Structures are given as structure tokens and as C-alpha cells.
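Right, one structure below, let's go through it.
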Amino acid sequence: MNNNMTSNSDMKNMDINALIEPFDIGDAPNVRTRFAPSPNGFLHQGHALSALLNRQFAHHHDGTFMLRIEDIDATRSRQEYCDSIINDLTWLGLVWDGAVIYQSSRIESYKAAFDALKAQDLLYPCFCSRSDIAAALVAKPVQHGPDGPHYPGTCRTLKNSAHRMENEAHAWRLDMSKIVQNLPLLTWHDMEHGEQIADASIFGDVVIWRKDAPASYHLAATCDDAADRISHVIRGMDLFAYSAVHRVLQHMLNLPSPHYWHHRLLTDPNGEKLSKSRDSFALMQKRKLGVLPKEILKFTQYNKISTRI
Ligand code: GLU
């Protein structure tokens with residue numbers, strides 16, 4: 001099993017407060033955390049862990065715990081999943097402070113950030129379909145990053161893009177090599193894993209504005225964490241590498257950088273990461289089967305394996 005993962009049997013009876021108390025956050029004022037699920041499937045027990053850590057961390061420090069529903073991708077978001085997020089968290093007693101925030105209501109703020117990046121000449125339009133990219137990758141091997149092969153750069157130096165933009169759907173990508181040339185050494189801080197160098201170049205030219213949906217996850221999450229004055233981003237290890245991209249965007253957009261805590265992931269009995277595509281692990285199913293919330297929230301062994309690296 002990957003040592004960033006924790007089997008459910010390991011998680012029985014976890015003392016969440018024992019996990020949170022060792023983090024010395026100094027005299028940081030106004031702790032604000034958020035749980036930020038995407039409504040593209042039902043939440044599972046791993047989401048319950050993430051929401052619980054966010055809520056307990058905020059409450060431990062007399063702070064605020066927010067719920068942000070990342071429903072910006074209309075092609076995958078469904079109302080049924082939004083409703084279930086609210087019902088699952090309420091059932092578990094993981095109630096948030098203030099109103100639920102929906103990313104779909106904030107598109108103008110993402111557009112303003114997009115315009116600011118564009119004005120710095122850091123973006124280029126990309127007309128490639130998935131199959132265009134696959135074909136280009138066959139012809140030209142490229143570096144691989146955490147999300148697979150880098151974008152092969154087909155549209156990076158197009159001469160006729162202004163004309164094509166009038167008639168063709170397109171995304172916008174960060175020109176990562178241009179950005180990296182002018183960056184100071186950027187770091188970000190993970191409470192469990194320590195100080196990290198923000199090397200976003202490992203992802204290549206990431207998409208910032210999508211062809212089929214507005215802002216990318218990277219842009220929207222970075223803007224929202226700043227707008228909501230999130231002090232501590234607490235989320236699963238599966239998103240660890242993305243923090244480098246978010247740190248670079250914070251720098252380019254002149255936004256503050258929160259602290260991070262990427263917590264270990266729950267797995268199924270075979271050591272596989274829990275997935276939204278398997279309903280058997282869905283909180284909604286457990287709720288319907290009459291499982292008690294306290295059974296879901298028993299994660300007591302987590303602190304034993306969550307020693308700092
Ligand atoms: N919306 C993301 C997800 O459901 C989480 C984003 C985040 O916590 O930054 O995986």
C-alpha cells in the first residue's frame with residue numbers, strides 16, 4: 001500500500017483532536033478552512049475525513065469552517081450531487097459556518113483573474129482537441145508530469161490564432177516556460193510535509209480557461225481561497241502536487257498564500273483509493289442503510305501513522 005494511504009481498518013477510532021493539536025500555528029489570527037467538493041459524484045468516507053479535519057481544525061482554533069461547492073464544470077456537475085453533499089454533511093453533523101458558496105456564482109471574479117494573467121501575456125489560446133493532442137504526442141515525445149504527458153505545445157506559437165479565435169472554440173493555457181523564466185524561488189508550506197518548492201513546470205502548460213467550461217479548477221480554487229481568506233487549505237494527498245500550480249498563480253495574481261495540510265487518503269480493503277465512481281462507498285448509501293454517523297466518523301488510528309515526514 002502507498003504510504004500516503006490509510007486503510008479503513010487502520011482508521012477505526014481515530015482521535016481527530018490528537019491529530020490536530022500537535023500543529024503549532026503560532027499566533028495566526030482568524031483560522032479559516034474550507035471543504036470544497038465537486039458535485040460530480042456522491043461523497044465517500046474519504047470526503048467525510050477531509051470535511052471532519054477541516055471542521056475540527058477550524059473549531060480547535062476558534063475559526064471558521066466553510067463549505068464551497070466546486071460546481072464550475074457544468075458538463076459534470078449535477079444538482080442531485082449538490083443536494084447529497086449538503087445532506088451527507090448535515091447527517092454527519094459536519095455543519096459549516098455561513099452560506100454555502102457555489103463556484104458557478106463567481107465566474108466574473110475568475111474572469112477578472114484570467115484577464116489579469118492575459119494582460120501579463122502569460123496565456124495563449126489552444127484549439128487542440130483531445131485527439132489532436134494524442135496525435136501530436138505520438139509524433140513528438142514530451143516530458144511527463146503528475147497528470148501524464150505535458151501538452152505538446154502545438155498552439156504555443158501559432159501565428160493565426162486571432163483569426164481562429166473568432167470561429168473556433170478554444171481553451172487558454174499558461175505559457176509555463178515563459179512564466180518560469182521570470183519567477184523568484186517560490187515555496188509553500190505543508191503542515192505535515194514541511195516547506196515545499198513550488199515547481200509548477202512539472203505540469204507543463206496547464207489549462208487556465210476551459211473550452212467546455214469556464215475557469216479551470218486551478219484558477220477558480222486559487223481565486224476562491226484568496227476571496228474567502230482561507231488561512232489553511234486542508235485536503236487529500238491526491239491534490240498535493242497541484243499546490244505548486246496554485247502557488248505560482250498566487251504569485252502572478254498577487255494573492256496571499258495559505259498554509260496547507262495534505263492529509264493521507266483512505267483506501268478500500270484492497271488498498272485502492274476510494275472513488276466517487278463506486279457507489280458502495282458512498283455516504284449516501286450508508287445513510288440509507290441506517291449506518292450511524294459515529295460509525296463513519298471513527299478514524300481513531302490515523303494519528304499513529306500520520307507522523308511527520
Ligand atoms: N473540488 C476538488 C475535489 O473535489 C477539491 C478541491 C480542493 O480541495 O482544492 O477533488
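Letters for chains follow the order of the C-alpha cells (A, B, ...), residue numbers begin at 1 for each chain, and ligand numbers begin at 1 in the order shown.
All residues, whether protein, DNA or RNA, that have an atom at most 6 Å from ligand 1 (counting only C-alpha atoms and all ligand atoms) are Ala36, Pro37, Ser38, Glu70, Ala221 and Arg235 of chain A.
Within the 12 Å cut-off around Val100 of chain A, using only C-alpha atoms and omitting residues fewer than 2 positions from it on the same chain, the listed residues are Arg34, Phe35, Ala36, Pro37, Phe65, Met66, Leu67, Arg68, Ile69, Glu70, Asp71, Cys82, Asp83, Ile85, Ile86, Leu89, Val95, Trp96, Asp97, Gly98, Tyr102, Gln103, Ser104, Ser105 and Asp228 of chain A.
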Quick one: everything within 10 Å of segment 106-112 of chain A, counting only C-alpha atoms, minus sequence neighbours fewer than 3 positions away in the same chain. Send it as a PDB file with N, CA, C and O atoms, in the first residue's frame.
ATOM      1  N   ILE A  72     -18.248  24.392 -11.012  1.00  0.00           N
ATOM      2  CA  ILE A  72     -17.991  25.235 -12.179  1.00  0.00           C
ATOM      3  C   ILE A  72     -18.081  24.459 -13.492  1.00  0.00           C
ATOM      4  O   ILE A  72     -18.331  25.030 -14.548  1.00  0.00           O
ATOM      5  N   ILE A 101     -21.026  28.300  -0.516  1.00  0.00           N
ATOM      6  CA  ILE A 101     -20.531  29.062  -1.669  1.00  0.00           C
ATOM      7  C   ILE A 101     -20.553  28.153  -2.896  1.00  0.00           C
ATOM      8  O   ILE A 101     -20.077  27.019  -2.825  1.00  0.00           O
ATOM      9  N   TYR A 102     -21.105  28.657  -3.977  1.00  0.00           N
ATOM     10  CA  TYR A 102     -21.141  27.892  -5.231  1.00  0.00           C
ATOM     11  C   TYR A 102     -20.220  28.586  -6.230  1.00  0.00           C
ATOM     12  O   TYR A 102     -20.395  29.778  -6.508  1.00  0.00           O
ATOM     13  N   GLN A 103     -19.288  27.843  -6.775  1.00  0.00           N
ATOM     14  CA  GLN A 103     -18.366  28.474  -7.732  1.00  0.00           C
ATOM     15  C   GLN A 103     -19.092  29.021  -8.947  1.00  0.00           C
ATOM     16  O   GLN A 103     -18.657  30.005  -9.540  1.00  0.00           O
ATOM     17  N   ASP A 115      -8.243  37.747 -17.001  1.00  0.00           N
ATOM     18  CA  ASP A 115      -7.837  38.956 -17.737  1.00  0.00           C
ATOM     19  C   ASP A 115      -6.494  39.479 -17.228  1.00  0.00           C
ATOM     20  O   ASP A 115      -5.673  39.959 -18.015  1.00  0.00           O
ATOM     21  N   ALA A 116      -6.296  39.369 -15.907  1.00  0.00           N
ATOM     22  CA  ALA A 116      -5.032  39.863 -15.338  1.00  0.00           C
ATOM     23  C   ALA A 116      -3.854  39.018 -15.836  1.00  0.00           C
ATOM     24  O   ALA A 116      -2.780  39.557 -16.140  1.00  0.00           O
ATOM     25  N   LEU A 117      -4.050  37.726 -15.956  1.00  0.00           N
ATOM     26  CA  LEU A 117      -2.976  36.857 -16.466  1.00  0.00           C
ATOM     27  C   LEU A 117      -2.735  37.129 -17.954  1.00  0.00           C
ATOM     28  O   LEU A 117      -1.594  37.175 -18.422  1.00  0.00           O
ATOM     29  N   LYS A 118      -3.842  37.341 -18.659  1.00  0.00           N
ATOM     30  CA  LYS A 118      -3.743  37.590 -20.107  1.00  0.00           C
ATOM     31  C   LYS A 118      -3.008  38.912 -20.357  1.00  0.00           C
ATOM     32  O   LYS A 118      -2.169  39.010 -21.261  1.00  0.00           O
ATOM     33  N   ILE A 208      -6.020  27.102 -18.117  1.00  0.00           N
ATOM     34  CA  ILE A 208      -6.490  28.090 -17.138  1.00  0.00           C
ATOM     35  C   ILE A 208      -7.951  28.440 -17.394  1.00  0.00           C
ATOM     36  O   ILE A 208      -8.726  28.674 -16.488  1.00  0.00           O
ATOM     37  N   TRP A 209      -8.304  28.489 -18.665  1.00  0.00           N
ATOM     38  CA  TRP A 209      -9.708  28.747 -19.040  1.00  0.00           C
ATOM     39  C   TRP A 209     -10.103  27.659 -20.015  1.00  0.00           C
ATOM     40  O   TRP A 209      -9.388  27.413 -20.985  1.00  0.00           O
ATOM     41  N   PRO A 214     -16.110  27.200 -17.888  1.00  0.00           N
ATOM     42  CA  PRO A 214     -15.280  28.382 -17.595  1.00  0.00           C
ATOM     43  C   PRO A 214     -13.979  27.979 -16.890  1.00  0.00           C
ATOM     44  O   PRO A 214     -13.493  26.894 -17.110  1.00  0.00           O
ATOM     45  N   ALA A 215     -13.517  28.838 -16.038  1.00  0.00           N
ATOM     46  CA  ALA A 215     -12.199  28.698 -15.420  1.00  0.00           C
ATOM     47  C   ALA A 215     -11.834  27.272 -15.026  1.00  0.00           C
ATOM     48  O   ALA A 215     -12.693  26.491 -14.630  1.00  0.00           O
ATOM     49  N   SER A 216     -10.553  26.971 -15.101  1.00  0.00           N
ATOM     50  CA  SER A 216     -10.088  25.650 -14.663  1.00  0.00           C
ATOM     51  C   SER A 216     -10.162  25.571 -13.137  1.00  0.00           C
ATOM     52  O   SER A 216     -10.237  26.594 -12.442  1.00  0.00           O
ATOM     53  N   LEU A 219      -7.465  27.824 -11.462  1.00  0.00           N
ATOM     54  CA  LEU A 219      -7.728  29.259 -11.353  1.00  0.00           C
ATOM     55  C   LEU A 219      -8.846  29.528 -10.345  1.00  0.00           C
ATOM     56  O   LEU A 219      -8.724  30.396  -9.476  1.00  0.00           O
ATOM     57  N   ALA A 220      -9.938  28.754 -10.440  1.00  0.00           N
ATOM     58  CA  ALA A 220     -11.088  29.015  -9.569  1.00  0.00           C
ATOM     59  C   ALA A 220     -10.725  28.773  -8.101  1.00  0.00           C
ATOM     60  O   ALA A 220     -11.038  29.591  -7.220  1.00  0.00           O
ATOM     61  N   ALA A 221     -10.033  27.678  -7.820  1.00  0.00           N
ATOM     62  CA  ALA A 221      -9.697  27.366  -6.422  1.00  0.00           C
ATOM     63  C   ALA A 221      -8.737  28.408  -5.856  1.00  0.00           C
ATOM     64  O   ALA A 221      -8.876  28.834  -4.701  1.00  0.00           O
ATOM     65  N   THR A 222      -7.782  28.848  -6.673  1.00  0.00           N
ATOM     66  CA  THR A 222      -6.822  29.851  -6.197  1.00  0.00           C
ATOM     67  C   THR A 222      -7.541  31.166  -5.894  1.00  0.00           C
ATOM     68  O   THR A 222      -7.306  31.795  -4.856  1.00  0.00           O
ATOM     69  N   CYS A 223      -8.426  31.583  -6.789  1.00  0.00           N
ATOM     70  CA  CYS A 223      -9.172  32.835  -6.572  1.00  0.00           C
ATOM     71  C   CYS A 223     -10.051  32.718  -5.323  1.00  0.00           C
ATOM     72  O   CYS A 223     -10.111  33.642  -4.501  1.00  0.00           O
ATOM     73  N   ASP A 224     -10.731  31.583  -5.184  1.00  0.00           N
ATOM     74  CA  ASP A 224     -11.664  31.431  -4.058  1.00  0.00           C
ATOM     75  C   ASP A 224     -10.945  31.377  -2.716  1.00  0.00           C
ATOM     76  O   ASP A 224     -11.425  31.937  -1.733  1.00  0.00           O
ATOM     77  N   ALA A 227     -10.300  34.887  -2.006  1.00  0.00           N
ATOM     78  CA  ALA A 227     -11.519  35.676  -1.751  1.00  0.00           C
ATOM     79  C   ALA A 227     -12.129  35.317  -0.390  1.00  0.00           C
ATOM     80  O   ALA A 227     -12.666  36.182   0.305  1.00  0.00           O
TER      81      ALA A 227
END
Find the residues around segment 231-233 of chain A up to 6 Å (only C-alpha atoms counted), leave out those fewer than 6 positions away in its own chain, and share them as a compact mmCIF listing (two decimals) with N, CA, C and O atoms, in the first residue's frame.
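Written out: out.txt:
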# COMPACT_ATOMS: atom_id res chain seq x y z
N VAL A 31 -8.34 31.71 11.85
CA VAL A 31 -8.22 30.47 11.09
C VAL A 31 -9.49 30.26 10.28
O VAL A 31 -10.61 30.37 10.80
N ARG A 32 -9.32 30.03 8.99
CA ARG A 32 -10.46 29.79 8.11
C ARG A 32 -10.13 28.60 7.21
O ARG A 32 -9.10 28.59 6.54
N THR A 33 -10.98 27.59 7.25
CA THR A 33 -10.77 26.40 6.42
C THR A 33 -11.98 26.22 5.50
O THR A 33 -13.02 26.85 5.70
N PRO A 258 -2.00 30.60 1.46
CA PRO A 258 -2.39 30.00 2.75
C PRO A 258 -1.40 28.90 3.16
O PRO A 258 -0.53 28.52 2.38
N HIS A 259 -1.55 28.38 4.37
CA HIS A 259 -0.85 27.16 4.76
C HIS A 259 -1.65 25.99 4.18
O HIS A 259 -2.85 26.11 3.93
N TYR A 260 -0.97 24.86 4.04
CA TYR A 260 -1.63 23.66 3.51
C TYR A 260 -1.45 22.50 4.47
O TYR A 260 -0.47 22.44 5.20
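With distances restricted to only C-alpha atoms, A:Gln45 is the closest residue to Leu266 of chain A from A:Thr157, A:Asn254, A:Asn30, A:Gln45.
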